[in-house]
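As provided, model_28.csv (CSV, C-alpha atoms and all ligand atoms) reads as follows.
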chain,number,residue,atom,x,y,z
A,1,MET,CA,274.8,384.6,218.4
A,2,PRO,CA,272.0,382.2,219.3
A,3,ASP,CA,274.1,380.2,221.8
A,4,GLU,CA,275.2,383.3,223.7
A,5,ALA,CA,271.7,384.7,223.7
A,6,LEU,CA,270.2,381.5,225.0
A,7,ASP,CA,272.9,381.0,227.6
A,8,LEU,CA,272.3,384.6,228.9
A,9,LEU,CA,268.6,384.1,229.1
A,10,ALA,CA,269.3,381.1,231.5
A,11,ILE,CA,266.2,379.3,230.5
A,12,ARG,CA,264.3,377.4,233.2
A,13,PRO,CA,262.1,374.5,232.1
A,14,ASP,CA,259.1,376.1,233.8
A,15,GLY,CA,259.8,379.7,232.9
A,16,VAL,CA,258.0,382.2,230.8
A,17,TYR,CA,259.9,383.9,228.0
A,18,LEU,CA,259.1,386.7,225.6
A,19,ASP,CA,260.7,386.6,222.2
A,20,CYS,CA,259.9,390.2,221.0
A,21,THR,CA,261.1,389.6,217.5
A,22,ALA,CA,260.1,386.0,216.5
A,23,GLY,CA,261.0,386.4,212.8
A,24,LEU,CA,260.8,382.9,211.3
A,25,GLY,CA,260.9,381.4,214.8
A,26,GLY,CA,264.6,380.5,215.1
A,27,HIS,CA,265.1,381.7,218.7
A,28,THR,CA,261.5,380.8,219.6
A,29,ALA,CA,262.2,377.2,218.7
A,30,LEU,CA,265.5,377.2,220.6
A,31,ILE,CA,263.7,378.5,223.7
A,32,ALA,CA,260.8,376.1,223.3
A,33,GLN,CA,263.1,373.1,223.1
A,34,ARG,CA,264.5,373.9,226.5
A,35,LEU,CA,261.0,374.2,228.2
A,36,GLU,CA,258.9,371.6,229.9
A,37,SER,CA,255.9,373.3,231.6
A,38,GLY,CA,257.1,376.8,230.5
A,39,THR,CA,255.8,379.1,227.8
A,40,VAL,CA,257.5,381.2,225.1
A,41,ILE,CA,255.5,384.2,223.8
A,42,ALA,CA,256.5,384.8,220.2
A,43,ASN,CA,255.9,388.4,219.1
A,44,ASP,CA,256.5,390.1,215.7
A,45,ARG,CA,254.9,393.0,213.9
A,46,ASP,CA,255.1,391.1,210.5
A,47,ALA,CA,252.1,388.9,210.1
A,48,VAL,CA,253.7,386.9,207.2
A,49,SER,CA,256.8,386.1,209.3
A,50,LEU,CA,254.7,385.2,212.3
A,51,GLU,CA,252.7,382.6,210.2
A,52,LEU,CA,256.0,381.2,209.0
A,53,ALA,CA,257.3,381.1,212.6
A,54,ARG,CA,254.1,379.2,213.6
A,55,ALA,CA,254.7,376.6,210.8
A,56,ASN,CA,258.4,376.3,211.7
A,57,THR,CA,257.7,375.6,215.4
A,58,GLN,CA,254.7,373.2,215.1
A,59,GLN,CA,256.6,370.6,217.1
A,60,TRP,CA,256.5,372.8,220.2
A,61,LYS,CA,253.1,374.4,219.6
A,62,ASP,CA,251.8,373.6,223.1
A,63,ARG,CA,254.6,375.8,224.6
A,64,ILE,CA,254.2,378.8,222.3
A,65,CYS,CA,251.7,381.7,222.3
A,66,PHE,CA,251.9,383.9,219.2
A,67,HIS,CA,251.3,387.7,219.3
A,68,LEU,CA,251.2,390.1,216.4
A,69,GLY,CA,252.3,393.6,217.4
A,70,THR,CA,255.0,396.2,217.8
A,71,PHE,CA,257.2,396.8,220.8
A,72,GLY,CA,254.6,399.2,222.0
A,73,SER,CA,252.2,396.2,222.5
A,74,LEU,CA,254.5,393.9,224.4
A,75,ARG,CA,252.6,394.3,227.7
A,76,GLU,CA,249.4,393.2,225.8
A,77,ALA,CA,251.4,390.2,224.4
A,78,VAL,CA,252.3,389.1,227.9
A,79,GLU,CA,248.8,389.7,229.4
A,80,GLN,CA,247.1,387.9,226.5
A,81,ALA,CA,249.2,384.9,227.2
A,82,GLY,CA,247.9,384.9,230.8
A,83,PHE,CA,251.0,386.3,232.6
A,84,ASP,CA,251.9,389.6,234.1
A,85,LYS,CA,255.7,389.2,234.1
A,86,VAL,CA,258.2,387.0,232.3
A,87,ASP,CA,261.5,385.3,233.3
A,88,GLY,CA,263.3,386.5,230.2
A,89,LEU,CA,263.0,388.8,227.3
A,90,LEU,CA,264.9,388.5,224.0
A,91,ALA,CA,264.9,391.1,221.2
A,92,ASP,CA,266.9,390.5,218.0
A,93,THR,CA,266.2,393.8,216.4
A,94,GLY,CA,266.2,394.9,212.7
A,95,VAL,CA,265.0,393.0,209.7
A,96,SER,CA,265.2,389.2,209.1
A,97,ARG,CA,267.0,387.5,206.2
A,98,TYR,CA,263.5,386.5,205.0
A,99,GLN,CA,262.4,390.1,204.8
A,100,LEU,CA,265.6,391.3,203.2
A,101,THR,CA,265.6,388.6,200.5
A,102,SER,CA,261.9,388.7,199.6
A,103,ALA,CA,261.9,391.0,196.6
A,104,GLU,CA,258.1,391.8,197.0
A,105,ARG,CA,258.8,393.3,200.4
A,106,GLY,CA,260.9,396.0,198.9
A,107,PHE,CA,263.8,395.9,201.4
A,108,SER,CA,266.5,394.9,199.0
A,109,PHE,CA,268.5,396.7,196.3
A,110,MET,CA,269.6,393.4,194.8
A,111,ALA,CA,266.2,392.4,193.4
A,112,ASP,CA,263.4,394.5,191.8
A,113,GLY,CA,260.3,395.0,193.9
A,114,PRO,CA,257.9,397.7,195.1
A,115,LEU,CA,259.4,400.4,197.3
A,116,ASP,CA,257.5,399.2,200.4
A,117,MET,CA,259.8,398.3,203.3
A,118,ARG,CA,257.0,398.1,205.9
A,119,MET,CA,257.5,395.2,208.3
A,120,ASP,CA,253.7,395.5,209.0
A,121,GLN,CA,252.2,395.8,205.5
A,122,THR,CA,248.8,396.8,206.8
A,123,ARG,CA,249.7,400.3,208.0
A,124,GLY,CA,252.0,403.3,207.7
A,125,ARG,CA,253.9,405.1,205.0
A,126,THR,CA,255.9,403.1,202.5
A,127,ALA,CA,259.4,403.8,201.3
A,128,ALA,CA,257.8,405.1,198.0
A,129,ASP,CA,255.8,407.6,200.0
A,130,LEU,CA,259.0,408.8,201.7
A,131,VAL,CA,261.2,409.1,198.6
A,132,ASN,CA,258.5,410.6,196.4
A,133,HIS,CA,256.9,413.1,198.9
A,134,THR,CA,259.6,414.2,201.4
A,135,ASP,CA,261.3,417.5,200.9
A,136,GLU,CA,265.0,417.3,199.9
A,137,LYS,CA,266.4,418.6,203.2
A,138,THR,CA,264.4,416.3,205.4
A,139,LEU,CA,265.3,413.3,203.1
A,140,ALA,CA,269.0,414.2,203.3
A,141,ASP,CA,268.8,414.5,207.1
A,142,LEU,CA,267.1,411.2,207.4
A,143,ILE,CA,269.6,409.4,205.2
A,144,PHE,CA,272.5,411.1,207.1
A,145,GLN,CA,271.1,410.4,210.6
A,146,PHE,CA,269.6,406.9,210.2
A,147,GLY,CA,272.0,405.5,207.6
A,148,GLU,CA,275.1,407.3,208.9
A,149,GLU,CA,275.7,408.2,205.2
A,150,ARG,CA,278.1,411.1,204.7
A,151,ARG,CA,277.0,411.6,201.1
A,152,ALA,CA,273.4,412.1,202.1
A,153,ARG,CA,272.9,415.5,200.5
A,154,ARG,CA,274.0,414.4,197.0
A,155,ILE,CA,271.8,411.3,197.3
A,156,ALA,CA,268.8,413.3,198.4
A,157,ARG,CA,269.3,415.7,195.5
A,158,ALA,CA,269.5,412.9,193.0
A,159,ILE,CA,266.4,411.2,194.4
A,160,VAL,CA,264.3,414.4,194.2
A,161,ARG,CA,265.5,415.0,190.5
A,162,ALA,CA,264.6,411.4,189.6
A,163,ARG,CA,261.0,411.5,191.0
A,164,PRO,CA,258.8,409.5,190.8
A,165,LEU,CA,260.9,406.6,192.0
A,166,ARG,CA,259.0,403.4,191.0
A,167,SER,CA,260.9,400.4,192.3
A,168,THR,CA,263.8,399.2,194.5
A,169,LEU,CA,266.2,398.8,191.5
A,170,HIS,CA,265.2,402.2,190.2
A,171,LEU,CA,266.2,403.8,193.5
A,172,ALA,CA,269.4,401.7,193.7
A,173,ASP,CA,270.4,402.9,190.2
A,174,VAL,CA,269.7,406.6,191.1
A,175,VAL,CA,271.9,406.3,194.2
A,176,GLU,CA,274.6,404.5,192.4
A,177,ARG,CA,274.8,407.2,189.7
A,178,ALA,CA,274.9,409.9,192.3
A,179,VAL,CA,277.7,408.5,194.5
A,180,PRO,CA,280.5,406.3,193.3
A,181,ARG,CA,281.2,402.9,194.9
A,182,THR,CA,283.9,403.3,197.5
A,183,GLY,CA,284.5,400.1,199.4
A,184,ARG,CA,282.9,396.7,199.3
A,185,LEU,CA,279.4,398.0,200.1
A,186,HIS,CA,276.9,398.8,197.4
A,187,PRO,CA,276.5,402.6,197.3
A,188,ALA,CA,272.8,402.3,198.1
A,189,THR,CA,273.3,400.1,201.2
A,190,LYS,CA,273.1,403.0,203.8
A,191,THR,CA,270.2,404.8,201.9
A,192,PHE,CA,268.1,401.6,202.0
A,193,MET,CA,268.9,401.1,205.6
A,194,ALA,CA,267.9,404.6,206.5
A,195,LEU,CA,264.6,404.4,204.6
A,196,ARG,CA,263.8,401.1,206.3
A,197,MET,CA,264.5,402.6,209.7
A,198,ALA,CA,262.3,405.6,209.0
A,199,VAL,CA,259.5,403.6,207.4
A,200,ASN,CA,259.3,401.3,210.5
A,201,ASP,CA,260.2,404.0,213.1
A,202,GLU,CA,262.9,401.7,214.3
A,203,PRO,CA,264.6,404.3,216.7
A,204,GLY,CA,261.2,405.0,218.3
A,205,GLU,CA,260.4,401.3,218.6
A,206,LEU,CA,263.8,400.6,220.2
A,207,ALA,CA,263.0,403.4,222.8
A,208,LYS,CA,259.7,401.7,223.5
A,209,LEU,CA,261.3,398.3,224.0
A,210,LEU,CA,263.9,399.8,226.4
A,211,ASP,CA,261.2,401.6,228.3
A,212,VAL,CA,258.6,398.9,228.7
A,213,GLY,CA,260.9,395.8,228.6
A,214,PRO,CA,262.4,396.0,232.1
A,215,ASP,CA,259.0,396.5,233.7
A,216,LEU,CA,257.8,393.2,232.1
A,217,ILE,CA,260.5,391.1,233.7
A,218,ARG,CA,260.3,389.6,237.2
A,219,SER,CA,263.1,390.1,239.7
A,220,GLY,CA,265.9,387.7,238.8
A,221,GLY,CA,264.8,387.6,235.2
A,222,ARG,CA,266.9,388.7,232.2
A,223,MET,CA,266.8,391.0,229.2
A,224,VAL,CA,268.9,390.3,226.2
A,225,VAL,CA,269.1,392.7,223.2
A,226,ILE,CA,270.9,392.2,219.9
A,227,SER,CA,271.3,395.3,217.8
A,228,PHE,CA,272.9,396.0,214.5
A,229,MET,CA,273.5,399.8,214.3
A,230,SER,CA,276.0,401.6,216.5
A,231,ASN,CA,273.3,404.2,217.4
A,232,ASP,CA,271.0,401.4,218.6
A,233,ASP,CA,273.8,399.7,220.6
A,234,ARG,CA,274.5,403.0,222.3
A,235,GLN,CA,270.9,403.4,223.3
A,236,VAL,CA,270.9,399.8,224.7
A,237,LYS,CA,274.1,400.4,226.6
A,238,GLU,CA,272.9,403.7,228.1
A,239,LYS,CA,269.6,402.2,229.2
A,240,PHE,CA,271.3,399.1,230.8
A,241,ARG,CA,273.8,401.3,232.5
A,242,SER,CA,271.2,403.6,233.9
A,243,LEU,CA,269.2,400.5,235.2
A,244,ALA,CA,272.4,399.4,236.9
A,245,ARG,CA,273.1,402.9,238.4
A,246,GLU,CA,269.5,402.9,239.8
A,247,GLY,CA,270.1,399.6,241.4
A,248,ARG,CA,267.4,397.9,239.2
A,249,ALA,CA,269.7,395.6,237.3
A,250,THR,CA,273.1,393.9,237.1
A,251,LEU,CA,275.0,394.1,233.9
A,252,LEU,CA,275.8,390.7,232.5
A,253,THR,CA,277.9,392.0,229.6
A,254,LYS,CA,280.2,394.9,230.5
A,255,HIS,CA,281.2,395.0,226.8
A,256,PRO,CA,278.9,393.8,224.1
A,257,LEU,CA,279.3,390.3,222.7
A,258,GLU,CA,280.1,390.2,219.0
A,259,PRO,CA,279.8,387.3,216.5
A,260,SER,CA,282.9,385.0,216.0
A,261,PRO,CA,284.7,385.1,212.7
A,262,GLU,CA,283.2,381.7,211.9
A,263,GLU,CA,279.6,383.0,212.4
A,264,ILE,CA,280.4,386.1,210.3
A,265,GLU,CA,281.7,383.8,207.5
A,266,GLN,CA,278.5,381.7,207.7
A,267,ASN,CA,276.2,384.7,208.0
A,268,PRO,CA,277.8,387.9,206.8
A,269,ALA,CA,274.7,389.9,207.8
A,270,SER,CA,275.6,389.2,211.4
A,271,ARG,CA,278.9,391.2,211.2
A,272,SER,CA,277.7,394.3,213.0
A,273,ALA,CA,275.6,392.5,215.7
A,274,LYS,CA,276.2,393.5,219.3
A,275,LEU,CA,274.6,391.6,222.2
A,276,ARG,CA,274.0,393.1,225.6
A,277,ALA,CA,272.2,391.6,228.6
A,278,VAL,CA,271.1,392.5,232.2
A,279,GLU,CA,269.5,390.7,235.1
A,280,LEU,CA,266.7,392.5,236.9
A,281,ILE,CA,267.1,392.9,240.7
A,301,LIG,C1,266.5,389.9,213.0
A,301,LIG,S1,264.8,389.4,212.8
A,301,LIG,C2,264.6,388.2,214.0
A,301,LIG,C3,264.9,386.8,213.6
A,301,LIG,C4,264.6,385.8,214.7
A,301,LIG,N1,265.3,386.0,215.9
A,301,LIG,C5,264.7,384.3,214.2
A,301,LIG,O1,265.4,383.6,214.9
A,301,LIG,O2,264.2,384.0,213.1
A,301,LIG,C6,263.9,390.7,213.4
A,301,LIG,C7,262.4,390.5,213.4
A,301,LIG,O3,261.9,391.5,214.3
A,301,LIG,C8,260.7,392.0,213.8
A,301,LIG,N2,260.6,393.4,214.3
A,301,LIG,C9,261.5,394.4,214.1
A,301,LIG,N3,261.1,395.5,214.8
A,301,LIG,C10,260.0,395.1,215.5
A,301,LIG,C11,259.1,395.9,216.3
A,301,LIG,N4,259.3,397.1,216.6
A,301,LIG,N5,258.0,395.2,216.8
A,301,LIG,C12,257.8,393.9,216.6
A,301,LIG,N6,258.6,393.2,215.7
A,301,LIG,C13,259.7,393.8,215.2
A,301,LIG,C14,260.9,392.0,212.3
A,301,LIG,O4,259.6,392.0,211.7
A,301,LIG,C15,261.7,390.7,212.1
A,301,LIG,O5,260.9,389.6,211.8
Please render this file's structure as structure tokens.
Ligand SMILES: C[S@@+](CC[C@H](N)C(=O)[O-])C[C@H]1O[C@@H](n2cnc3c(N)ncnc32)[C@H](O)[C@@H]1O
Amino acid sequence: MPDEALDLLAIRPDGVYLDCTAGLGGHTALIAQRLESGTVIANDRDAVSLELARANTQQWKDRICFHLGTFGSLREAVEQAGFDKVDGLLADTGVSRYQLTSAERGFSFMADGPLDMRMDQTRGRTAADLVNHTDEKTLADLIFQFGEERRARRIARAIVRARPLRSTLHLADVVERAVPRTGRLHPATKTFMALRMAVNDEPGELAKLLDVGPDLIRSGGRMVVISFMSNDDRQVKEKFRSLAREGRATLLTKHPLEPSPEEIEQNPASRSAKLRAVELI
């Protein structure tokens, strides 16, 4: 929903914008194109993505400041660029298509790769650490809670029996043998999603974004968040409603915006996207 996100940010040519999730620079470029004397701060925790974003946005390099870091370091990103507040903040959460389709990053059950799944490959536990060293109950709870997977207990039992899990396709095969395919989704879809969320502490990161984000936006500035999981959208909705109740923000989207059927056809991964926005008072 790039058009909707950009419209809701209401870009001013002299404004300062924070793209918290630059990915390969798609939104960053769209913002930069609309600027004259303004700046867009392009942040991502994935160093490889950020370098690709830099290459993809060369044309507007004078308008972009790059920052490598998690949502916990967004204040630092703004300060390093020489500002204390921004006119708009955009977060397009989750993983990028580039991350998902690069076998060596280990996010995908469609291609063989290491069980990594870290967005920042310099730190933290990998998916292999989790599946090979977490006790069965904790693993089941994690798959149930983060992946919203009803068959989590059976999957966790099968994973523990198959240890050591060595690669993405090995894990996908173990899950597929443990639980039959029910609908269109590959049986390992939710397990991979849950592991990715745990490896990258995505719920904790979203909480940090919602905590620090509003404080970084000047009065009249806007915050736009796109999320892909119903739990995440609920957190965003609750935070935005509480800002509105406290008189700190006006809701710009009473109901979340969702992609059109045409967008879903072009980009099936966008099917569960929900976009919400507020304007700070
Ligand atoms: C859906 S993609 C964004 C795509 C981007 N909007 C574009 O136009 O190319 C999400 C990006 O957010 C990054 N990301 C996810 N969680 C993050 C976090 N907590 N801190 C910083 N970056 C994060 C990922 O590394 C990924 O590159």
Dump as a tab-separated table the rows for residues of chain A within 7 Å of ligand LIG 301 (chain A): closest atom pair and distance in Å with one decimal, all atoms listed in the file counted, ordered by chain and rising residue number.
residue	atom	partner	partner_atom	distance
A:Cys20	CA	A:LIG301	C12	6.1
A:Thr21	CA	A:LIG301	O3	3.8
A:Ala22	CA	A:LIG301	C4	4.9
A:Gly23	CA	A:LIG301	O5	3.4
A:Leu24	CA	A:LIG301	O2	4.0
A:Gly25	CA	A:LIG301	O2	4.5
A:Gly26	CA	A:LIG301	O1	3.2
A:His27	CA	A:LIG301	O1	4.3
A:Thr28	CA	A:LIG301	O1	6.7
A:Asn43	CA	A:LIG301	C12	6.3
A:Asp44	CA	A:LIG301	N6	3.7
A:Arg45	CA	A:LIG301	C12	4.1
A:Asp46	CA	A:LIG301	O4	4.7
A:Ser49	CA	A:LIG301	O5	5.9
A:Gly69	CA	A:LIG301	C12	5.6
A:Thr70	CA	A:LIG301	N5	3.3
A:Phe71	CA	A:LIG301	N5	4.4
A:Asp92	CA	A:LIG301	C1	5.1
A:Thr93	CA	A:LIG301	C6	4.9
A:Gly94	CA	A:LIG301	C6	4.8
A:Val95	CA	A:LIG301	C6	4.5
A:Ser96	CA	A:LIG301	S1	3.7
A:Met119	CA	A:LIG301	O4	5.1
A:Glu202	CA	A:LIG301	N4	6.3
A:Glu205	CA	A:LIG301	N4	4.8
A:Leu206	CA	A:LIG301	N4	6.7
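Here atom CA of A:Ile143 stands at a distance of 14.9 Å from atom CA of A:Asp129.
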**Report entry** Spatial neighbours of stretch 120-126 of chain A, 12 Å, only C-alpha atoms, chain gap at least 5 places, as a ChimeraX atom specification
**Finding:** /A:44-50,68-70,95,99,104-107,114-115,131-134,166-168,195-201
Query - Top pick for closest residue to A:Gln59, considering A:Ser102, A:Arg222, A:Val78, A:Ala29 and counting only C-alpha atoms - result: A:Ala29
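Atom CA of A:Lys237 sits 9.7 Å away from atom CA of A:Leu251.
Atom CA of A:Lys190 is positioned 11.9 Å from atom CA of A:Ala140.
Candidate residues A:Arg271, A:Lys85, A:Arg248, A:Arg118 were compared for distance to A:Ile217, and the nearest is A:Lys85, using all atoms listed in the file.
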Report task. Would you kindly return, as number ranges by chain, each protein, DNA or RNA residue with an atom no farther than 10 Å from any atom of A:Gly38, considering only C-alpha atoms and excluding same-chain residues fewer than 4 positions away? Result -> A: 11-17, 31-32, 34, 62-64, 87
Output file for the residues above (C-alpha atoms, as a CSV table (one decimal), keeping the file's coordinate frame):
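Once everything was written out, this is selection.csv:
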chain,number,residue,atom,x,y,z
A,11,ILE,CA,266.2,379.3,230.5
A,12,ARG,CA,264.3,377.4,233.2
A,13,PRO,CA,262.1,374.5,232.1
A,14,ASP,CA,259.1,376.1,233.8
A,15,GLY,CA,259.8,379.7,232.9
A,16,VAL,CA,258.0,382.2,230.8
A,17,TYR,CA,259.9,383.9,228.0
A,31,ILE,CA,263.7,378.5,223.7
A,32,ALA,CA,260.8,376.1,223.3
A,34,ARG,CA,264.5,373.9,226.5
A,62,ASP,CA,251.8,373.6,223.1
A,63,ARG,CA,254.6,375.8,224.6
A,64,ILE,CA,254.2,378.8,222.3
A,87,ASP,CA,261.5,385.3,233.3
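Checking A:Arg276, A:Ala158, A:Trp60, A:Ser260 one by one against A:Leu35, counting only C-alpha atoms, you find the shortest gap at A:Trp60.
Excluding A:Val86 itself and same-chain residues fewer than 2 positions from it, the residues having an atom within 10 Å of it are Gly15, Val16, Tyr17, Leu18, Thr39, Val40, Ile41, Val78, Phe83, Asp84, Gly88, Leu89, Gly213, Pro214, Asp215, Leu216, Ile217, Arg218, Ser219, Gly221, Arg222 and Met223 of chain A, counting all atoms listed in the file.
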Report task. Give as a ChimeraX atom specification every residue, naming chains and numbers as the document does, that has an atom within 10 Å of (266.0, 419.9, 201.8), counting only C-alpha atoms. Result -> /A:134-141,153,156-157,160
**Report entry** Residue list as a ChimeraX atom specification for point (284.5, 409.6, 197.9), cut-off 12 Å, all atoms listed in the file
**Finding:** /A:149-151,154,178-183,187
Take the residues that were just selected and, keeping C-alpha atoms, output them as a CSV table (one decimal), in the frame of the given file.
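Once everything was written out, this is result-v8.csv:
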chain,number,residue,atom,x,y,z
A,149,GLU,CA,275.7,408.2,205.2
A,150,ARG,CA,278.1,411.1,204.7
A,151,ARG,CA,277.0,411.6,201.1
A,154,ARG,CA,274.0,414.4,197.0
A,178,ALA,CA,274.9,409.9,192.3
A,179,VAL,CA,277.7,408.5,194.5
A,180,PRO,CA,280.5,406.3,193.3
A,181,ARG,CA,281.2,402.9,194.9
A,182,THR,CA,283.9,403.3,197.5
A,183,GLY,CA,284.5,400.1,199.4
A,187,PRO,CA,276.5,402.6,197.3
